[in-house]
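Undergrad: Please find one structure pasted underneath; my questions will follow.
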Amino acid sequence: MKKLVRKHPLAIRWFHWINFPLLAVMIWSGMLIYWAYPIYRIGAGTHTIVKMNVSQPVWKSLHVNNRLAEGMAFHFFFMWLFAINGVLYVLYTIFSGEWRELVPTRQSFKDAWIVFLHDLHLRKEPPPARKFNGAQQIAYTLVILMGLGSLLTGLAIYKPVQFSWLTTLFGGYPMSRFFHFWLTVGYVFFFVVHVGQVIKTGWNNFRAMIIGYEVQSGDGERT
Amino acid sequence: MTDEPIDEPAVDDAQQVEEPLVETAPPPPPLVSLADELALEAEKQRQLELENDERIAREVSRLSRRGFLTAAVAAGTSYGAWKWLTTSKQMDYLHWPLRRVLRMNESVAEAYFREARLSPTFPTSRITRPAKLNGNLGLDPNFDPSTWQLRVEGAAKPVVLTLDDIKSLPRREQITEFRCIEGWSMIVKWTGTRLADIMAKFPPPDRVQYVGMETPDRGYYVGLDMQSAMHPQTLLAYALNDEPLSAGHGAPLRLAIPVKYGIKNIKRIGTIRYTNVRPADFWAEQGYDWYAGH
């Protein structure tokens, strides 16, 4: 016997879907800024495995060239919306009690391992069915902490004199910029895994993020 | 995206049909086998489930219609807002809403700004050597340093200073970070005199809001808010890393202002002007933030 189960509160759905384009604009305008000094790489010592840079024709094809001023203006416009939406989301999860579903416990780390093995088809039994499994709890909490990290490292490079204590805390101005950049790479990684998991989990789960309800079969299995 | 409770379907009362009162022989007990009874029960159960699932399906499509419609309207509105922003009129190579927000950010920054908050200073060992040379705007190659003078406009009476006049004022040294708006930074040692000391010696007649500076050929010019100009680390510098300024670094006198991005650290200053009119700024006219402050 199927039943409709209330899954995502209206507020959380709005915060989630508002964040999506805001983060996209922040990453895009960040790229316009990064173009002016694209120095980061993955490697050890003098050996570079991946350069976090592309050739000028590739930048050009992405319409990134010579847009530093514009990038900064967009970044310092949309930073307010991005920050406000994020802060409201966190406040909402605290006051609604939703944080209990989201913040990982000790059990989450055990569960996350099971999820990981199950997803890689190394373990047959699925993890215990809950609103958010251990891996989700860890990921969704971590990405919020990353958001906080982006705001703080961003402030450290935006106002490195007025907030010099913060800049110093991150190891100085170049290090703050370094962390700010790699957090962004972290969002891109999160996005790829997140979208992959949503596709894998299917329509019913995705639809719940729009309409709030999920259809479940009688024995609690999500259909 | 809606949050309406799910209505339970109205259950129709079973229609009561009165049996006619006719005496007849009692009917024989029904010959229903256990299997039939179970099948009947299962059929009833199946029917119930079917009805329930149909009801759920209707409810889901109702919720989906509303949810996806709301989503479509929200997406359309966002797209419209984005189009409006990115096609809005430009002010100095920047869409005006972006300029407005930069001005708002400037007000927030000025309200938070304290002259007592200093740019971190470093030991000599941390100096980046050699100092990076970047940009030669306003540095006319035919410039003759021997004819150079610094003009101060907007003071009680016009002032013209030589390099020796400036060197006679208290000498300051500081090892601070120079941060380019492109993203790179370096640590440099500046030697010079505080702009605040010059302004105290040759004050404007009344309180003014801004200080403007330009190169002798007016090829480069910057505008500063008064707080940043008066900051104790804002120097008129004549030496970089213990060497007199080279032509490329802005000889004979340049601005060293760690509370601003590199673009405000104007080289080869020809004129300083106290003013209440927001001074023109070379890079602000190219789409950058006028304030550009740290």
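We label chains A, B, ... in the order they appear in the structure tokens, count residues from 1 in each chain, and number ligands from 1 in the order shown.
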Identify all chain A residues at most 9 Å from chain B by counting only C-alpha atoms; ligands do not count. Present them as a ChimeraX atom specification.
TA: /A:1-4,6,9-10,13-14,17,21,33-38,68-70,72-74,76-77,157-164,168,173-174,177,207,209-215
Undergrad: Can you list, as a ChimeraX atom specification, every protein, DNA or RNA residue that comes within 12 Å of Thr275 in chain B when you count only C-alpha atoms, leaving out same-chain residues fewer than 5 positions away?
TA: /B:152-155,203-213,223-226,280
Undergrad: Residues as selected, N, CA and C atoms, written as a PDB file, in the first residue's frame, can you do that?
TA:
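So the final result, stored in result.pdb, reads:
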```pdb
ATOM      1  N   VAL B 152      50.476  71.008  -4.265  1.00  0.00           N
ATOM      2  CA  VAL B 152      49.347  70.665  -3.389  1.00  0.00           C
ATOM      3  C   VAL B 152      48.261  71.695  -3.629  1.00  0.00           C
ATOM      4  N   GLU B 153      47.153  71.242  -4.174  1.00  0.00           N
ATOM      5  CA  GLU B 153      46.050  72.150  -4.498  1.00  0.00           C
ATOM      6  C   GLU B 153      44.921  71.972  -3.483  1.00  0.00           C
ATOM      7  N   GLY B 154      44.239  73.060  -3.229  1.00  0.00           N
ATOM      8  CA  GLY B 154      43.102  73.007  -2.304  1.00  0.00           C
ATOM      9  C   GLY B 154      43.488  73.339  -0.882  1.00  0.00           C
ATOM     10  N   ALA B 155      44.807  73.590  -0.634  1.00  0.00           N
ATOM     11  CA  ALA B 155      45.236  74.040   0.694  1.00  0.00           C
ATOM     12  C   ALA B 155      44.875  75.527   0.829  1.00  0.00           C
ATOM     13  N   PRO B 203      47.257  72.224   5.650  1.00  0.00           N
ATOM     14  CA  PRO B 203      45.877  71.704   5.738  1.00  0.00           C
ATOM     15  C   PRO B 203      44.931  72.397   4.764  1.00  0.00           C
ATOM     16  N   PRO B 204      43.864  71.710   4.432  1.00  0.00           N
ATOM     17  CA  PRO B 204      42.811  72.355   3.648  1.00  0.00           C
ATOM     18  C   PRO B 204      42.107  73.382   4.523  1.00  0.00           C
ATOM     19  N   PRO B 205      41.535  74.434   3.937  1.00  0.00           N
ATOM     20  CA  PRO B 205      40.901  75.482   4.756  1.00  0.00           C
ATOM     21  C   PRO B 205      39.720  74.934   5.572  1.00  0.00           C
ATOM     22  N   ASP B 206      38.961  74.034   4.981  1.00  0.00           N
ATOM     23  CA  ASP B 206      37.841  73.417   5.704  1.00  0.00           C
ATOM     24  C   ASP B 206      37.996  71.905   5.601  1.00  0.00           C
ATOM     25  N   ARG B 207      37.143  71.222   6.349  1.00  0.00           N
ATOM     26  CA  ARG B 207      37.143  69.757   6.243  1.00  0.00           C
ATOM     27  C   ARG B 207      36.774  69.362   4.812  1.00  0.00           C
ATOM     28  N   VAL B 208      37.531  68.478   4.231  1.00  0.00           N
ATOM     29  CA  VAL B 208      37.184  67.993   2.894  1.00  0.00           C
ATOM     30  C   VAL B 208      37.028  66.479   2.950  1.00  0.00           C
ATOM     31  N   GLN B 209      36.385  65.929   1.930  1.00  0.00           N
ATOM     32  CA  GLN B 209      36.052  64.507   1.933  1.00  0.00           C
ATOM     33  C   GLN B 209      37.070  63.643   1.209  1.00  0.00           C
ATOM     34  N   TYR B 210      37.735  64.245   0.216  1.00  0.00           N
ATOM     35  CA  TYR B 210      38.563  63.415  -0.665  1.00  0.00           C
ATOM     36  C   TYR B 210      39.933  64.014  -0.908  1.00  0.00           C
ATOM     37  N   VAL B 211      40.813  63.136  -1.349  1.00  0.00           N
ATOM     38  CA  VAL B 211      42.113  63.571  -1.849  1.00  0.00           C
ATOM     39  C   VAL B 211      42.278  62.949  -3.237  1.00  0.00           C
ATOM     40  N   GLY B 212      42.632  63.767  -4.209  1.00  0.00           N
ATOM     41  CA  GLY B 212      42.901  63.261  -5.548  1.00  0.00           C
ATOM     42  C   GLY B 212      44.388  63.405  -5.841  1.00  0.00           C
ATOM     43  N   MET B 213      44.947  62.470  -6.596  1.00  0.00           N
ATOM     44  CA  MET B 213      46.364  62.575  -6.976  1.00  0.00           C
ATOM     45  C   MET B 213      46.493  62.251  -8.451  1.00  0.00           C
ATOM     46  N   GLY B 223      41.681  58.511  -6.805  1.00  0.00           N
ATOM     47  CA  GLY B 223      40.901  59.235  -5.804  1.00  0.00           C
ATOM     48  C   GLY B 223      40.923  58.450  -4.502  1.00  0.00           C
ATOM     49  N   LEU B 224      41.034  59.180  -3.385  1.00  0.00           N
ATOM     50  CA  LEU B 224      41.066  58.532  -2.067  1.00  0.00           C
ATOM     51  C   LEU B 224      40.029  59.149  -1.141  1.00  0.00           C
ATOM     52  N   ASP B 225      39.414  58.334  -0.342  1.00  0.00           N
ATOM     53  CA  ASP B 225      38.560  58.843   0.728  1.00  0.00           C
ATOM     54  C   ASP B 225      39.474  59.353   1.836  1.00  0.00           C
ATOM     55  N   MET B 226      38.978  60.284   2.655  1.00  0.00           N
ATOM     56  CA  MET B 226      39.826  60.946   3.642  1.00  0.00           C
ATOM     57  C   MET B 226      40.369  59.980   4.699  1.00  0.00           C
ATOM     58  N   ALA B 280      38.288  61.856  -9.908  1.00  0.00           N
ATOM     59  CA  ALA B 280      38.316  60.840 -10.956  1.00  0.00           C
ATOM     60  C   ALA B 280      39.364  59.795 -10.605  1.00  0.00           C
TER      61      ALA B 280
END
```
Undergrad: Neighbouring residues of Pro170 in chain B were defined as those with any atom within 12 Å, considering only C-alpha atoms; residues of the same chain fewer than 5 positions away were excluded. Please report them as a PyMOL selection string.
TA: chain B and resi 164-165+191-198+201+235-237
Undergrad: Could you write out that same residue set with C-alpha atoms as a CSV table (one decimal), in the first residue's frame?
TA:
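Done, and the output landed in result_4.csv:
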```
chain,number,residue,atom,x,y,z
B,164,ASP,CA,64.0,67.8,-0.1
B,165,ASP,CA,61.0,69.6,1.5
B,191,THR,CA,60.5,54.7,3.2
B,192,GLY,CA,58.8,58.0,3.1
B,193,THR,CA,56.7,60.5,5.0
B,194,ARG,CA,53.1,60.2,6.1
B,195,LEU,CA,50.5,61.8,3.9
B,196,ALA,CA,48.8,62.8,7.1
B,197,ASP,CA,51.9,64.8,8.1
B,198,ILE,CA,51.9,66.7,4.8
B,201,LYS,CA,51.4,71.0,7.7
B,235,LEU,CA,53.1,57.2,2.9
B,236,LEU,CA,54.5,59.4,0.2
B,237,ALA,CA,57.4,57.1,-0.4
```
Undergrad: I'd like the contact shell of Ile114 in chain A - 9 Å cut-off, only C-alpha atoms, skipping same-chain residues fewer than 4 positions apart - returned as a ChimeraX atom specification.
TA: /A:109-110,118-119,123,125-127,134-135
Undergrad: Excluding Val188 in chain A and any residue of its chain fewer than 5 positions from it, enumerate the residues within 9 Å of it, using only C-alpha atoms, and give them as a list in words.
TA: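 Returned residues: Ile27, Leu183 and Val193 of chain A.
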Undergrad: Please write the residues from the selection above to a file, keeping C-alpha atoms, as a PDB file, in the first residue's frame.
TA:
```pdb
ATOM      1  CA  ILE A  27      31.619  30.523  -9.008  1.00  0.00           C
ATOM      2  CA  LEU A 183      36.783  25.505  -1.314  1.00  0.00           C
ATOM      3  CA  VAL A 193      28.658  13.737  -6.764  1.00  0.00           C
TER       4      VAL A 193
END
```
Undergrad: Quick one: of A:Gly171, A:Leu152, A:Lys131, A:His47, who's nearest to Arg100 in chain A, counting only C-alpha atoms?
TA: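 When distances to Arg100 in chain A are compared using only C-alpha atoms, the smallest one comes from A:Lys131.
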